[in-house]
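Trainee: Please find one structure pasted underneath; my questions will follow.
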Amino acid sequence: MFYKHKFLKNHIHEKALLQQRLAVLSIIILIATLALLARLFFLQVGQYDNYSKKSDNNQYKLEPIAPKRGIIYDRNRKVLAENIPAHRLEITPNKSKNIDLTLTKLSKILNIDQTTINAFKTELESGSKNKVIPLKMKLSEKDIARFYVDKYRYPEAEIKSYLIRSYPNKEIGASVLGYVTHINSLPTDDDERFIYQVNPFKGVIGVESSYEQTLRGIPGYKKLEVNAKGKNIETLEVQSPTPGSNLILTIDIELQKIAQLALKNELGSVVVIDPNNGEILALATNPSYDPNYFVTGITKQMIKKLSNSDTKPMFNRAIKGQFPLAS
């Protein structure tokens, strides 16, 4: 009986084919290995600075420290503008699961109006969600008590102490001092932007505006080591802020009061100048306004009242008014 073998194994051919396949596979592995090594070199050497910075950002964080604004005195060292302690509610948006729901609930607890909520959302849209954003300034003791009852519900919210500007003489001297207020938009210059991110209050008119750079100071910072959850572990470095310089004016606040009272209900101004050296001892305008209203955010009603008043209390008659001399 004869058996026909349709296919006969050729061991020499199979061995050569296997060697070819192994050679191709070795080349592919070599190319993949070289590509992996090139990628590792690029990441560890070429991108070292970038990833090292990201690693440090995960391990460390800088917490800014706001500087104290310079105090303004009259010629006899009586305080015209000072800093007093206050409390504000701050929100870290990235810690909130639903920021809109958080704002709705907090607005009911702390009686926050829609204008304030809208301002918060505008600042949120223009910045990073990692950034801490103030929600309500100058909390009352009742506000603080209400918040702490339900604090555990709001991990994204925290009450912080800070200093706010205060004008102890209120309407007396407003025409000289001007006021500071919370700014809504940050400057484009990087250095200026950093300063006002830390302390978003700026002089608007008067001495507060003219001497803004002298009064505002330079922020400091704390370098903190944090864990994977962002919790502070240790303070590694502290750079103290540079407080703003104090100012001593030629104004005599007691003479300023006399000048203001002398105007009574009349529209006008009084300027008292020392003829010996030209120093301004008093600069009063009537009617005046309380600059303290502007520090933590003035209400729409108050702005409307000041703007629509026929007596124009925001108009500085001593500087801008056109009156005949000695009239």
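Residue numbers start at 1 in each chain; chains themselves are named A, B, ... in the order of the structure tokens; ligands are numbered from 1 in the order shown.
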Residues near segment 178-186 of chain A, anyone? I mean within 6 Å using only C-alpha atoms, not counting same-chain ones fewer than 5 positions away, as a PyMOL selection string.
Mentor: chain A and resi 193+200-206+208+291+294-295
Trainee: Output C-alpha atoms for every residue in the selection just made, as a PDB file, in the first residue's frame.
Mentor:
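Result written to result-v5.pdb:
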ATOM      1  CA  ARG A 193      -2.439  92.092  39.654  1.00  0.00           C
ATOM      2  CA  PRO A 200      -8.519  93.809  46.519  1.00  0.00           C
ATOM      3  CA  PHE A 201      -9.045  97.267  48.041  1.00  0.00           C
ATOM      4  CA  LYS A 202      -7.921 100.426  46.287  1.00  0.00           C
ATOM      5  CA  GLY A 203      -8.061 104.167  46.915  1.00  0.00           C
ATOM      6  CA  VAL A 204     -10.551 105.824  44.589  1.00  0.00           C
ATOM      7  CA  ILE A 205     -10.375 109.584  45.183  1.00  0.00           C
ATOM      8  CA  GLY A 206      -8.665 112.063  47.500  1.00  0.00           C
ATOM      9  CA  GLU A 208      -6.344 107.541  49.405  1.00  0.00           C
ATOM     10  CA  PRO A 291     -16.713 107.203  53.180  1.00  0.00           C
ATOM     11  CA  PHE A 294     -17.827 102.400  50.279  1.00  0.00           C
ATOM     12  CA  VAL A 295     -15.321 100.185  52.084  1.00  0.00           C
TER      13      VAL A 295
END
Trainee: Near segment 299-305 of chain A, within 10 Å and counting only C-alpha atoms, which residues show up once chain neighbours fewer than 6 positions away are dropped, as a count of residues only?
Mentor: 6
Trainee: Mind the document's chain letters and residue numbers, and return as a PDB file with C-alpha atoms, in the first residue's frame the residues of segment 72-229 of chain A that DSSP labels strand (DSSP E or B).
Mentor:
ATOM      1  CA  ILE A  72      -3.407 108.658  57.771  1.00  0.00           C
ATOM      2  CA  TYR A  73      -2.954 111.270  60.529  1.00  0.00           C
ATOM      3  CA  VAL A  79      -6.128 109.421  63.236  1.00  0.00           C
ATOM      4  CA  LEU A  80      -8.079 110.246  60.080  1.00  0.00           C
ATOM      5  CA  ALA A  81      -8.017 106.800  58.424  1.00  0.00           C
ATOM      6  CA  GLU A  82      -7.166 103.528  60.162  1.00  0.00           C
ATOM      7  CA  ASN A  83      -7.551  99.754  59.867  1.00  0.00           C
ATOM      8  CA  ILE A  84      -9.956  97.777  62.046  1.00  0.00           C
ATOM      9  CA  PRO A  85     -10.483  93.987  62.280  1.00  0.00           C
ATOM     10  CA  ALA A  86     -13.453  92.416  60.504  1.00  0.00           C
ATOM     11  CA  HIS A  87     -14.595  89.032  59.196  1.00  0.00           C
ATOM     12  CA  ARG A  88     -15.584  87.889  55.722  1.00  0.00           C
ATOM     13  CA  LEU A  89     -16.941  84.683  54.187  1.00  0.00           C
ATOM     14  CA  GLU A  90     -14.668  83.138  51.541  1.00  0.00           C
ATOM     15  CA  ILE A  91     -15.482  80.385  49.041  1.00  0.00           C
ATOM     16  CA  ILE A 133     -13.180  84.334  46.406  1.00  0.00           C
ATOM     17  CA  PRO A 134     -14.804  86.520  49.093  1.00  0.00           C
ATOM     18  CA  LEU A 135     -18.588  86.197  49.139  1.00  0.00           C
ATOM     19  CA  LYS A 136     -19.706  88.515  51.928  1.00  0.00           C
ATOM     20  CA  ALA A 157     -16.740  78.027  52.782  1.00  0.00           C
ATOM     21  CA  GLU A 158     -14.626  79.563  55.509  1.00  0.00           C
ATOM     22  CA  ILE A 159     -14.693  82.695  57.644  1.00  0.00           C
ATOM     23  CA  LYS A 160     -11.453  84.677  57.623  1.00  0.00           C
ATOM     24  CA  SER A 161     -10.332  87.663  59.666  1.00  0.00           C
ATOM     25  CA  TYR A 162      -8.931  90.695  57.868  1.00  0.00           C
ATOM     26  CA  LEU A 163      -8.466  94.435  58.253  1.00  0.00           C
ATOM     27  CA  ILE A 164     -10.798  96.980  56.693  1.00  0.00           C
ATOM     28  CA  ARG A 165     -10.430 100.724  56.272  1.00  0.00           C
ATOM     29  CA  SER A 166     -12.258 102.895  58.760  1.00  0.00           C
ATOM     30  CA  TYR A 179     -12.126 106.425  50.324  1.00  0.00           C
ATOM     31  CA  VAL A 180     -11.037 102.885  49.446  1.00  0.00           C
ATOM     32  CA  THR A 181     -13.352 100.295  47.948  1.00  0.00           C
ATOM     33  CA  HIS A 182     -13.315  96.665  46.793  1.00  0.00           C
ATOM     34  CA  PHE A 201      -9.045  97.267  48.041  1.00  0.00           C
ATOM     35  CA  LYS A 202      -7.921 100.426  46.287  1.00  0.00           C
ATOM     36  CA  GLY A 203      -8.061 104.167  46.915  1.00  0.00           C
ATOM     37  CA  VAL A 204     -10.551 105.824  44.589  1.00  0.00           C
ATOM     38  CA  ILE A 205     -10.375 109.584  45.183  1.00  0.00           C
ATOM     39  CA  ILE A 218       3.640  94.862  49.601  1.00  0.00           C
ATOM     40  CA  GLY A 220       3.990  88.584  51.944  1.00  0.00           C
ATOM     41  CA  TYR A 221       3.392  84.826  51.863  1.00  0.00           C
ATOM     42  CA  LYS A 222       3.584  81.524  53.735  1.00  0.00           C
ATOM     43  CA  LYS A 223       5.072  78.479  51.994  1.00  0.00           C
ATOM     44  CA  LEU A 224       3.148  75.450  53.253  1.00  0.00           C
ATOM     45  CA  GLU A 225       3.728  71.731  52.744  1.00  0.00           C
ATOM     46  CA  VAL A 226       0.456  69.938  51.990  1.00  0.00           C
TER      47      VAL A 226
END
Trainee: So that I can check the secondary structure, give me every residue of segment 65-252 of chain A assigned helix (DSSP H, G or I) by backbone DSSP, as number ranges by chain.
Mentor: A: 93-95, 99-110, 114-126, 141-149, 151-153, 174-177, 190-198, 206-210, 212-216
Trainee: To one decimal place in Å, what is the distance between atom CA of Lys78 of chain A and atom CA of Gly321 of chain A?
Mentor: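 Atom CA of Lys78 of chain A sits 28.2 Å away from atom CA of Gly321 of chain A.
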Trainee: Enter the distance from atom CA of Val272 of chain A to atom CA of Ile248 of chain A, in Å, rounded to one decimal.
Mentor: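 Atom-to-atom, atom CA of Val272 of chain A to atom CA of Ile248 of chain A, that is 17.3 Å.
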Trainee: Kindly give the distance, in Å, that separates atom CA of Thr296 of chain A and atom CA of Ile117 of chain A, rounded to a single decimal.
Mentor: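 Answer for the atom CA of Thr296 of chain A to atom CA of Ile117 of chain A separation: 14.6 Å.
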